[in-house]
Structures are given as structure tokens and as C-alpha cells.
Amino acid sequence: MKKKLWFVFGAILITILMTSGGGRDRGQQTPTVAPGAALPVTGRLSVEVFDRGTDGGRSLAHDNEWTKWIQEKVRRDLNIEVTFIPVGRWSENTDIVNLMAAGPGSAPDLCYTYALDMINAFRDQGGVMNLAPYIDSYLPDLKTLLGSDPSFPGRDLIHRDRDAATGNVFSIPSFRVAIAQRNTFIRKDWLDALNLRTPTNMTEFYNCLTAFRTRSAQLPGNVGNRVVPFGVNEDARWGLADMIQHYLDPRTDRDRWVYAIADRNIYMNGYKRGVQEMNKWYNERLIFQDFPLMTTADDFYNMIKSGVVGAFCQNWDFPYRTDINILEDLRRNVPGADYIPVSVANNREVMDKPGLRIFIPNFSPNKDAALKYLNWLAKPENYRFLQLGTEGVNHEMVGGLPRTIATAPQHPWIMNSPNNIDLTMPMNGVEMGSPELNGRVLGLSYGNTPPEVVANAYVVSITGARGPAVWQATTTVNQYGADLREMADDLIAQAIRATTANFNRIWDTGIQSWLRAGGQEVFDERSRLYPAPR
């Protein structure tokens, strides 16, 4: 059905482009203008907005107090009339295809989607405007707001989707404000009880874990022989990620992309060394001995809450989350207990900064208005109100910072999406101007945990960390992903629990099986797509 839909769309779209002046050449502009020159001003603009329905007291996605505020302010600021076209949040792919196929008057002048592959398909049909010539002249505020690209040092994020061969830019990413991924946490009260300094590198961290095991009688909470220096559940690949990847030796960004097959790094130089170190820790009883059997999340949470776990590596905000109450329940069992984030490993990563992608259909008659509106959204005076709303209605001030509050259902100013992310197109999350402030605002949503504690964890997680390796190429050998992920995770767990004498045999045999199961084919294609430097 999907192939048939794309075929029909392709035929319809080509017809539309031929009749509307759209160029088939990927670099052609409609209308033809000199790069950076002003496009014809129409004063009208249609903008896509996700429709999440009206359950829970939401308002109509395309007609509410927020959209009216935008319409009035854009009319004053830009002399542009804005209308919003709703697109189903969970049916966006089909809806956007249908709107694009219907052509001018149906498709919004300014669109967004999480489906980059869909934009690329439109692009290949000639259906998407090349934005590259207009970034500096039309989008300076957006360029500044998006900032640098953690995955491409020295490049601005606005150019993330730039074609390496032509320099064309057919889509612009929005950005995730919160890109923190993982943290390693350690029991601060245990460090204090044993008179140990907070570890700052892997050797010091290992020494702390060893002290937790050998001096368990001195630890708070009557831990005794129940001590678990490092807590891990069945997902050892994630729960030991910072520890294992500390030993990675990716020589280039090419290595980081080519060898990260099926979202796993097991073939990357140094990964075996990291797993071997975890095998050493396991055999020294520093790692929870039955981690493959801990398949239920609650069991893992309860082990930590019982007070026997000295350290763990999980999501950056794991101890502070109000849905699992790690610290709150732990302190009921062990008064004064505390976990703190520590930066002890190298090669840490943050989440990829881009979120959804923004594009302008090539047949839009209102390109000038679309570009101006997109830059208008990047101005703090505009996106701050859309994100925060009115004090007492959408937020309250706590320590000089805004904390989002629930607006009553059916209230005229209810936000249909968290902090109006469906309207603040360039970003997802509350942007306050710095990682520290963003972390503190984020921390205001973590119950009784002081916001500065959450902010510290956020900053620790992102400091010195890099975005994932990316490359602007389309892979076709993707059918092995699920099997390769499962095989990699099983191999990691098996190798960690092996005897020291059996480690090399188990790891090397497992890698060969993994390559035969599709890993080699994926690796070969990625090597061709990302040429080695000459």
C-alpha cells in the first residue's frame, strides 16, 4: 500500500510541478531569483500544525488563542496574514503526502515532519525548495538560535542537512533543547562514610567500587554482604555504556559512523577492550552478578531503593524522576542517602540535537513569507511567550525561573502540546539562553528535587560529550537491524560473564557470527558511502 501511495504521489506531484513552474532539477528555484535576492512578497502564508485532537480539554489545533496571538503579532510585525493547516500528529506521513500531491492551495507554505526520508523523496521529485541561498539573508536569527552542530564540529546546525556534493539545503532541523543522554551516579553518603574523594576518572571510580566491596561493613544502611558496587540489569549494553565506551578509540568521525552498525558499537576499535574491562569487574564481583536475570524494571528500581547499590549508569535524570521515585524511596530506607553524577569516562555522547525537519514546498507561492515567519519564530520575544505563556495561567515563577503549570481543561489558553512545541517550530523544549538555565528550568518539573541539583546533572551529562556520528548518505542495507541489535546485546552480556580464560574465544566467535548475520554487509555499504580520506 505504501509503495502504491508513493507511486501515485510521484505521478501527481510531477504533473503539479510542470503546471506550477516547479523545477525538476534539485537545485532550481521557483521563481528563479539570484541567490540571496528578495523573493516576491505576497503577505499571505499557510503553516502546518500538528493536530493532537481535543481530548483532555485541548482546543482546535488550527484555531485557538495561541494561533490568534501569532496571527495578530505577525500581521503587526511582518504584514503577513497567517493561516494554520492541521496535520494529524499520528498520521502525518500520509497527510503530508496527500497535501503535497494536492499542490498549491492545499499543501502548507511552511511544513514540518519527523520523516526526513519523506522530505528526501519530495526533494528527488523536485518538490522541495533549496534554502541554502537564503539562510544568511533571511534566517539570521534562526541560524543563531540553532547554534553549532555537536556532530559536525565547526558547522552550524542549520546546515545539518546540506548536500555534501551540491551544497543545497532542502530541510532545516529544529533542535532539542534537552540533549543530555546518560550519567554515571555514585552514592555520595558511601564516599563520605569511607572518606573517599569524588572520583574524577576511571581509575578512581574503579577504586571506589573496590572499596565499597571490601569495606562494606562500614557503609550506611547495614549493607554487609548484600553490597552491589555497580548495579546493572539485563540491558548491560546501556547500563555499562559509559564504562565500555571509555575505551573506544575511534580514529575519525568516519570510524564513528561506519562502525556504529545497527546502533551498536561492538565492531569499533576499542570496544572489545571495554567489554574485557567489564569482564574483569564482573569477575571481581564489582558488577551485579545476576544482571541477565533482572528483566523487570521494578526489580532493578527496588534493588537500588533498598540501599545496596553503590553506583549505576542510566538516563541522565534517573534518580530524580518522579515516576519511579528512586531517591525518595531510597531515603525512606536509608536516611541521608544520596546519589551524585560523576564525570569519569571519555567518549560520552549526547542525543542527536536535531528533531523534526522544516521544509518549504517548491510550488509554494509564498516563499518570502515562509522564510520571514520562520525567522520570526526564532526571536526570543516570540518563542518565549509561546513556550511559557502567562504567569498564573501557564507558568509560575520559582526562584526567578518559570515553572510550567497545568492549565485547566477547556481553558482558552490551554497548550495543546507541551510548551506549545507544535507552534514553536524551531525547537522542542524551553530555551532560556544557556545550558545551565535550561537545566534549571527543566529541574523545576522534578517534584521536590532542588532545580539546581537537576541542572547540575544535566550539565555534567553534556559537558565534553559529543553528538552521535552522522553522515549525509542514504543506506539501503537496513533489514538486519533488529537481529544485529539482539545478537550484539547477547554477546556483550555473555562476554562480561565469561571466565577470564574464555573471554577472547567467546567475543571473537560472537563477532564472526554477527558479521555473517548481516553486519559485514552493512559495514561494506557504509564504507562505500563514506569514502576514506585520500
# chains A, B, ... in the order shown; residues from 1 in each chain; ligands from 1
>>> closest_atom_pairs(of="stretch 264-336 of chain A", to="stretch 192-209 of chain A", cutoff="10 Å", atoms="only C-alpha atoms", output="JSON lines")
{"residue": "A:Trp281", "atom": "CA", "partner": "A:Tyr206", "partner_atom": "CA", "distance": 8.4}
{"residue": "A:Arg285", "atom": "CA", "partner": "A:Leu209", "partner_atom": "CA", "distance": 9.7}
{"residue": "A:Leu286", "atom": "CA", "partner": "A:Leu209", "partner_atom": "CA", "distance": 6.4}
{"residue": "A:Ile287", "atom": "CA", "partner": "A:Leu209", "partner_atom": "CA", "distance": 9.1}
{"residue": "A:Gly310", "atom": "CA", "partner": "A:Leu209", "partner_atom": "CA", "distance": 7.3}
{"residue": "A:Ala311", "atom": "CA", "partner": "A:Leu209", "partner_atom": "CA", "distance": 7.9}
>>> write_last_selection(atoms="C-alpha atoms", output="PDB file, in the first residue's frame")
ATOM      1  CA  TRP A 281      34.999  -6.032  37.101  1.00  0.00           C
ATOM      2  CA  ARG A 285      32.303  -9.077  41.942  1.00  0.00           C
ATOM      3  CA  LEU A 286      32.019  -5.334  41.363  1.00  0.00           C
ATOM      4  CA  ILE A 287      29.094  -5.756  38.933  1.00  0.00           C
ATOM      5  CA  GLY A 310      26.878   1.928  45.154  1.00  0.00           C
ATOM      6  CA  ALA A 311      26.781   3.188  41.570  1.00  0.00           C
TER       7      ALA A 311
END
>>> select_by_dssp(residues="stretch 142-173 of chain A", states="alpha helix (DSSP H)", output="PyMOL selection string")
chain A and resi 142-146
>>> write_last_selection(atoms="all heavy atoms", output="compact mmCIF listing (two decimals), in the first residue's frame")
# COMPACT_ATOMS: atom_id res chain seq x y z
N LEU A 142 17.37 32.53 13.17
CA LEU A 142 17.25 31.09 13.26
C LEU A 142 18.62 30.43 13.29
O LEU A 142 18.86 29.49 14.07
CB LEU A 142 16.43 30.56 12.08
CG LEU A 142 16.22 29.05 12.04
CD1 LEU A 142 15.44 28.58 13.27
CD2 LEU A 142 15.52 28.62 10.76
N LYS A 143 19.54 30.92 12.49
CA LYS A 143 20.90 30.37 12.47
C LYS A 143 21.55 30.50 13.84
O LYS A 143 22.19 29.57 14.34
CB LYS A 143 21.72 31.09 11.41
CG LYS A 143 23.14 30.56 11.26
CD LYS A 143 23.86 31.32 10.14
CE LYS A 143 25.29 30.82 9.97
NZ LYS A 143 25.99 31.55 8.87
N THR A 144 21.37 31.66 14.46
CA THR A 144 21.93 31.89 15.80
C THR A 144 21.26 30.99 16.83
O THR A 144 21.93 30.40 17.69
CB THR A 144 21.76 33.36 16.19
OG1 THR A 144 22.48 34.18 15.27
CG2 THR A 144 22.30 33.61 17.61
N LEU A 145 19.94 30.89 16.76
CA LEU A 145 19.21 30.08 17.73
C LEU A 145 19.60 28.62 17.65
O LEU A 145 19.83 27.97 18.68
CB LEU A 145 17.71 30.23 17.51
CG LEU A 145 16.80 29.37 18.39
CD1 LEU A 145 16.92 29.78 19.85
CD2 LEU A 145 15.35 29.46 17.92
N LEU A 146 19.70 28.06 16.45
CA LEU A 146 20.05 26.65 16.31
C LEU A 146 21.47 26.37 16.78
O LEU A 146 21.77 25.29 17.28
CB LEU A 146 19.89 26.21 14.85
CG LEU A 146 18.47 26.26 14.28
CD1 LEU A 146 18.46 25.73 12.85
CD2 LEU A 146 17.50 25.46 15.13
>>> closest_atom_pairs(of="stretch 351-370 of chain A", to="stretch 459-480 of chain A", cutoff="10 Å", atoms="only C-alpha atoms", output="tab-separated table")
residue	atom	partner	partner_atom	distance
A:Met351	CA	A:Gly467	CA	6.1
A:Asp352	CA	A:Gly467	CA	5.4
A:Lys353	CA	A:Gly467	CA	7.2
>>> write_last_selection(atoms="N, CA, C and O atoms", output="PDB file, in the first residue's frame")
ATOM      1  N   MET A 351      22.388  13.113  23.006  1.00  0.00           N
ATOM      2  CA  MET A 351      21.429  12.779  21.958  1.00  0.00           C
ATOM      3  C   MET A 351      21.693  13.639  20.728  1.00  0.00           C
ATOM      4  O   MET A 351      22.263  14.735  20.828  1.00  0.00           O
ATOM      5  N   ASP A 352      21.274  13.158  19.593  1.00  0.00           N
ATOM      6  CA  ASP A 352      21.414  13.965  18.395  1.00  0.00           C
ATOM      7  C   ASP A 352      20.556  15.213  18.546  1.00  0.00           C
ATOM      8  O   ASP A 352      19.388  15.147  18.932  1.00  0.00           O
ATOM      9  N   LYS A 353      21.128  16.357  18.255  1.00  0.00           N
ATOM     10  CA  LYS A 353      20.463  17.632  18.506  1.00  0.00           C
ATOM     11  C   LYS A 353      19.241  17.880  17.621  1.00  0.00           C
ATOM     12  O   LYS A 353      18.245  18.434  18.087  1.00  0.00           O
TER      13      LYS A 353
END
>>> residues_around(residues="stretch 288-299 of chain A", least_positions_apart="3", cutoff="6 Å", atoms="only C-alpha atoms", output="ChimeraX atom specification")
/A:228,231-234,302
>>> closest_residue(among="A:Leu157, A:Ala408, A:Trp190, A:Leu442", to="A:Gln218", atoms="only C-alpha atoms")
A:Trp190
>>> closest_residue(among="A:Leu60, A:Ile326, A:Val227, A:Val309", to="A:Arg215", atoms="only C-alpha atoms")
A:Val227
>>> closest_residue(among="A:Leu330, A:Leu374, A:Ile70, A:Met303", to="A:Asp109", atoms="only C-alpha atoms")
A:Leu374
>>> closest_residue(among="A:Leu356, A:Met100, A:Ala488, A:Leu437", to="A:Thr424", atoms="only C-alpha atoms")
A:Leu356
>>> closest_residue(among="A:His246, A:Arg123, A:Arg497, A:Arg254", to="A:Gly270", atoms="only C-alpha atoms")
A:His246
>>> decode(residues="stretch 383-396 of chain A", atoms="all heavy atoms", output="PDB file, in the first residue's frame")
ATOM      1  N   TYR A 383       9.137  33.317  20.692  1.00  0.00           N
ATOM      2  CA  TYR A 383       9.066  31.927  21.154  1.00  0.00           C
ATOM      3  C   TYR A 383       8.955  31.826  22.674  1.00  0.00           C
ATOM      4  O   TYR A 383       8.383  30.870  23.185  1.00  0.00           O
ATOM      5  CB  TYR A 383      10.223  31.088  20.616  1.00  0.00           C
ATOM      6  CG  TYR A 383      11.611  31.393  21.132  1.00  0.00           C
ATOM      7  CD1 TYR A 383      12.002  31.068  22.436  1.00  0.00           C
ATOM      8  CD2 TYR A 383      12.574  31.943  20.296  1.00  0.00           C
ATOM      9  CE1 TYR A 383      13.291  31.322  22.883  1.00  0.00           C
ATOM     10  CE2 TYR A 383      13.867  32.189  20.735  1.00  0.00           C
ATOM     11  CZ  TYR A 383      14.227  31.875  22.022  1.00  0.00           C
ATOM     12  OH  TYR A 383      15.506  32.109  22.472  1.00  0.00           O
ATOM     13  N   ARG A 384       9.446  32.828  23.410  1.00  0.00           N
ATOM     14  CA  ARG A 384       9.334  32.755  24.872  1.00  0.00           C
ATOM     15  C   ARG A 384       7.869  32.800  25.307  1.00  0.00           C
ATOM     16  O   ARG A 384       7.453  32.043  26.189  1.00  0.00           O
ATOM     17  CB  ARG A 384      10.108  33.899  25.527  1.00  0.00           C
ATOM     18  CG  ARG A 384      11.617  33.752  25.435  1.00  0.00           C
ATOM     19  CD  ARG A 384      12.218  33.072  26.648  1.00  0.00           C
ATOM     20  NE  ARG A 384      13.617  32.735  26.414  1.00  0.00           N
ATOM     21  CZ  ARG A 384      14.641  33.588  26.545  1.00  0.00           C
ATOM     22  NH1 ARG A 384      14.392  34.835  26.890  1.00  0.00           N
ATOM     23  NH2 ARG A 384      15.868  33.183  26.332  1.00  0.00           N
ATOM     24  N   PHE A 385       7.090  33.688  24.696  1.00  0.00           N
ATOM     25  CA  PHE A 385       5.684  33.733  25.077  1.00  0.00           C
ATOM     26  C   PHE A 385       4.971  32.450  24.673  1.00  0.00           C
ATOM     27  O   PHE A 385       4.159  31.912  25.437  1.00  0.00           O
ATOM     28  CB  PHE A 385       4.974  34.934  24.445  1.00  0.00           C
ATOM     29  CG  PHE A 385       3.497  34.965  24.760  1.00  0.00           C
ATOM     30  CD1 PHE A 385       3.053  35.337  26.025  1.00  0.00           C
ATOM     31  CD2 PHE A 385       2.556  34.579  23.823  1.00  0.00           C
ATOM     32  CE1 PHE A 385       1.695  35.329  26.342  1.00  0.00           C
ATOM     33  CE2 PHE A 385       1.197  34.562  24.124  1.00  0.00           C
ATOM     34  CZ  PHE A 385       0.777  34.944  25.393  1.00  0.00           C
ATOM     35  N   LEU A 386       5.261  31.946  23.487  1.00  0.00           N
ATOM     36  CA  LEU A 386       4.615  30.719  23.047  1.00  0.00           C
ATOM     37  C   LEU A 386       4.978  29.543  23.957  1.00  0.00           C
ATOM     38  O   LEU A 386       4.157  28.662  24.215  1.00  0.00           O
ATOM     39  CB  LEU A 386       5.004  30.404  21.600  1.00  0.00           C
ATOM     40  CG  LEU A 386       4.426  31.352  20.545  1.00  0.00           C
ATOM     41  CD1 LEU A 386       5.024  31.059  19.182  1.00  0.00           C
ATOM     42  CD2 LEU A 386       2.902  31.259  20.499  1.00  0.00           C
ATOM     43  N   GLN A 387       6.200  29.508  24.456  1.00  0.00           N
ATOM     44  CA  GLN A 387       6.634  28.418  25.323  1.00  0.00           C
ATOM     45  C   GLN A 387       6.107  28.544  26.748  1.00  0.00           C
ATOM     46  O   GLN A 387       5.779  27.540  27.380  1.00  0.00           O
ATOM     47  CB  GLN A 387       8.167  28.373  25.377  1.00  0.00           C
ATOM     48  CG  GLN A 387       8.816  27.916  24.094  1.00  0.00           C
ATOM     49  CD  GLN A 387      10.308  27.777  24.253  1.00  0.00           C
ATOM     50  OE1 GLN A 387      10.952  28.538  24.973  1.00  0.00           O
ATOM     51  NE2 GLN A 387      10.886  26.796  23.578  1.00  0.00           N
ATOM     52  N   LEU A 388       6.039  29.777  27.247  1.00  0.00           N
ATOM     53  CA  LEU A 388       5.758  29.985  28.671  1.00  0.00           C
ATOM     54  C   LEU A 388       4.369  30.544  28.939  1.00  0.00           C
ATOM     55  O   LEU A 388       3.814  30.321  30.020  1.00  0.00           O
ATOM     56  CB  LEU A 388       6.809  30.922  29.275  1.00  0.00           C
ATOM     57  CG  LEU A 388       8.259  30.432  29.173  1.00  0.00           C
ATOM     58  CD1 LEU A 388       9.201  31.509  29.674  1.00  0.00           C
ATOM     59  CD2 LEU A 388       8.445  29.138  29.952  1.00  0.00           C
ATOM     60  N   GLY A 389       3.826  31.297  28.004  1.00  0.00           N
ATOM     61  CA  GLY A 389       2.500  31.858  28.205  1.00  0.00           C
ATOM     62  C   GLY A 389       2.471  32.919  29.285  1.00  0.00           C
ATOM     63  O   GLY A 389       3.423  33.681  29.483  1.00  0.00           O
ATOM     64  N   THR A 390       1.381  32.941  30.023  1.00  0.00           N
ATOM     65  CA  THR A 390       1.123  33.981  31.019  1.00  0.00           C
ATOM     66  C   THR A 390       1.347  33.441  32.421  1.00  0.00           C
ATOM     67  O   THR A 390       0.914  32.325  32.742  1.00  0.00           O
ATOM     68  CB  THR A 390      -0.326  34.484  30.886  1.00  0.00           C
ATOM     69  OG1 THR A 390      -0.527  34.969  29.557  1.00  0.00           O
ATOM     70  CG2 THR A 390      -0.604  35.595  31.883  1.00  0.00           C
ATOM     71  N   GLU A 391       1.997  34.243  33.253  1.00  0.00           N
ATOM     72  CA  GLU A 391       2.212  33.842  34.645  1.00  0.00           C
ATOM     73  C   GLU A 391       0.863  33.677  35.340  1.00  0.00           C
ATOM     74  O   GLU A 391      -0.044  34.508  35.200  1.00  0.00           O
ATOM     75  CB  GLU A 391       3.052  34.888  35.376  1.00  0.00           C
ATOM     76  CG  GLU A 391       3.410  34.495  36.796  1.00  0.00           C
ATOM     77  CD  GLU A 391       4.324  35.490  37.488  1.00  0.00           C
ATOM     78  OE1 GLU A 391       4.711  36.498  36.845  1.00  0.00           O
ATOM     79  OE2 GLU A 391       4.649  35.271  38.678  1.00  0.00           O
ATOM     80  N   GLY A 392       0.729  32.618  36.100  1.00  0.00           N
ATOM     81  CA  GLY A 392      -0.502  32.320  36.799  1.00  0.00           C
ATOM     82  C   GLY A 392      -1.469  31.480  35.993  1.00  0.00           C
ATOM     83  O   GLY A 392      -2.378  30.870  36.550  1.00  0.00           O
ATOM     84  N   VAL A 393      -1.275  31.443  34.687  1.00  0.00           N
ATOM     85  CA  VAL A 393      -2.136  30.633  33.813  1.00  0.00           C
ATOM     86  C   VAL A 393      -1.363  29.440  33.271  1.00  0.00           C
ATOM     87  O   VAL A 393      -1.802  28.296  33.363  1.00  0.00           O
ATOM     88  CB  VAL A 393      -2.694  31.469  32.645  1.00  0.00           C
ATOM     89  CG1 VAL A 393      -3.512  30.593  31.687  1.00  0.00           C
ATOM     90  CG2 VAL A 393      -3.534  32.615  33.169  1.00  0.00           C
ATOM     91  N   ASN A 394      -0.173  29.724  32.714  1.00  0.00           N
ATOM     92  CA  ASN A 394       0.635  28.668  32.102  1.00  0.00           C
ATOM     93  C   ASN A 394       1.928  28.383  32.858  1.00  0.00           C
ATOM     94  O   ASN A 394       2.540  27.331  32.654  1.00  0.00           O
ATOM     95  CB  ASN A 394       0.993  29.044  30.664  1.00  0.00           C
ATOM     96  CG  ASN A 394      -0.212  29.441  29.846  1.00  0.00           C
ATOM     97  OD1 ASN A 394      -0.366  30.622  29.503  1.00  0.00           O
ATOM     98  ND2 ASN A 394      -1.092  28.492  29.538  1.00  0.00           N
ATOM     99  N   HIS A 395       2.346  29.325  33.704  1.00  0.00           N
ATOM    100  CA  HIS A 395       3.558  29.087  34.491  1.00  0.00           C
ATOM    101  C   HIS A 395       3.507  29.917  35.766  1.00  0.00           C
ATOM    102  O   HIS A 395       2.721  30.855  35.885  1.00  0.00           O
ATOM    103  CB  HIS A 395       4.815  29.428  33.684  1.00  0.00           C
ATOM    104  CG  HIS A 395       5.036  30.907  33.494  1.00  0.00           C
ATOM    105  ND1 HIS A 395       4.516  31.613  32.434  1.00  0.00           N
ATOM    106  CD2 HIS A 395       5.720  31.835  34.247  1.00  0.00           C
ATOM    107  CE1 HIS A 395       4.876  32.886  32.526  1.00  0.00           C
ATOM    108  NE2 HIS A 395       5.602  33.050  33.628  1.00  0.00           N
ATOM    109  N   GLU A 396       4.355  29.524  36.701  1.00  0.00           N
ATOM    110  CA  GLU A 396       4.568  30.307  37.920  1.00  0.00           C
ATOM    111  C   GLU A 396       6.055  30.519  38.093  1.00  0.00           C
ATOM    112  O   GLU A 396       6.872  29.718  37.613  1.00  0.00           O
ATOM    113  CB  GLU A 396       3.985  29.573  39.130  1.00  0.00           C
ATOM    114  CG  GLU A 396       4.613  28.215  39.390  1.00  0.00           C
ATOM    115  CD  GLU A 396       3.925  27.462  40.511  1.00  0.00           C
ATOM    116  OE1 GLU A 396       2.909  27.961  41.015  1.00  0.00           O
ATOM    117  OE2 GLU A 396       4.407  26.357  40.877  1.00  0.00           O
TER     118      GLU A 396
END
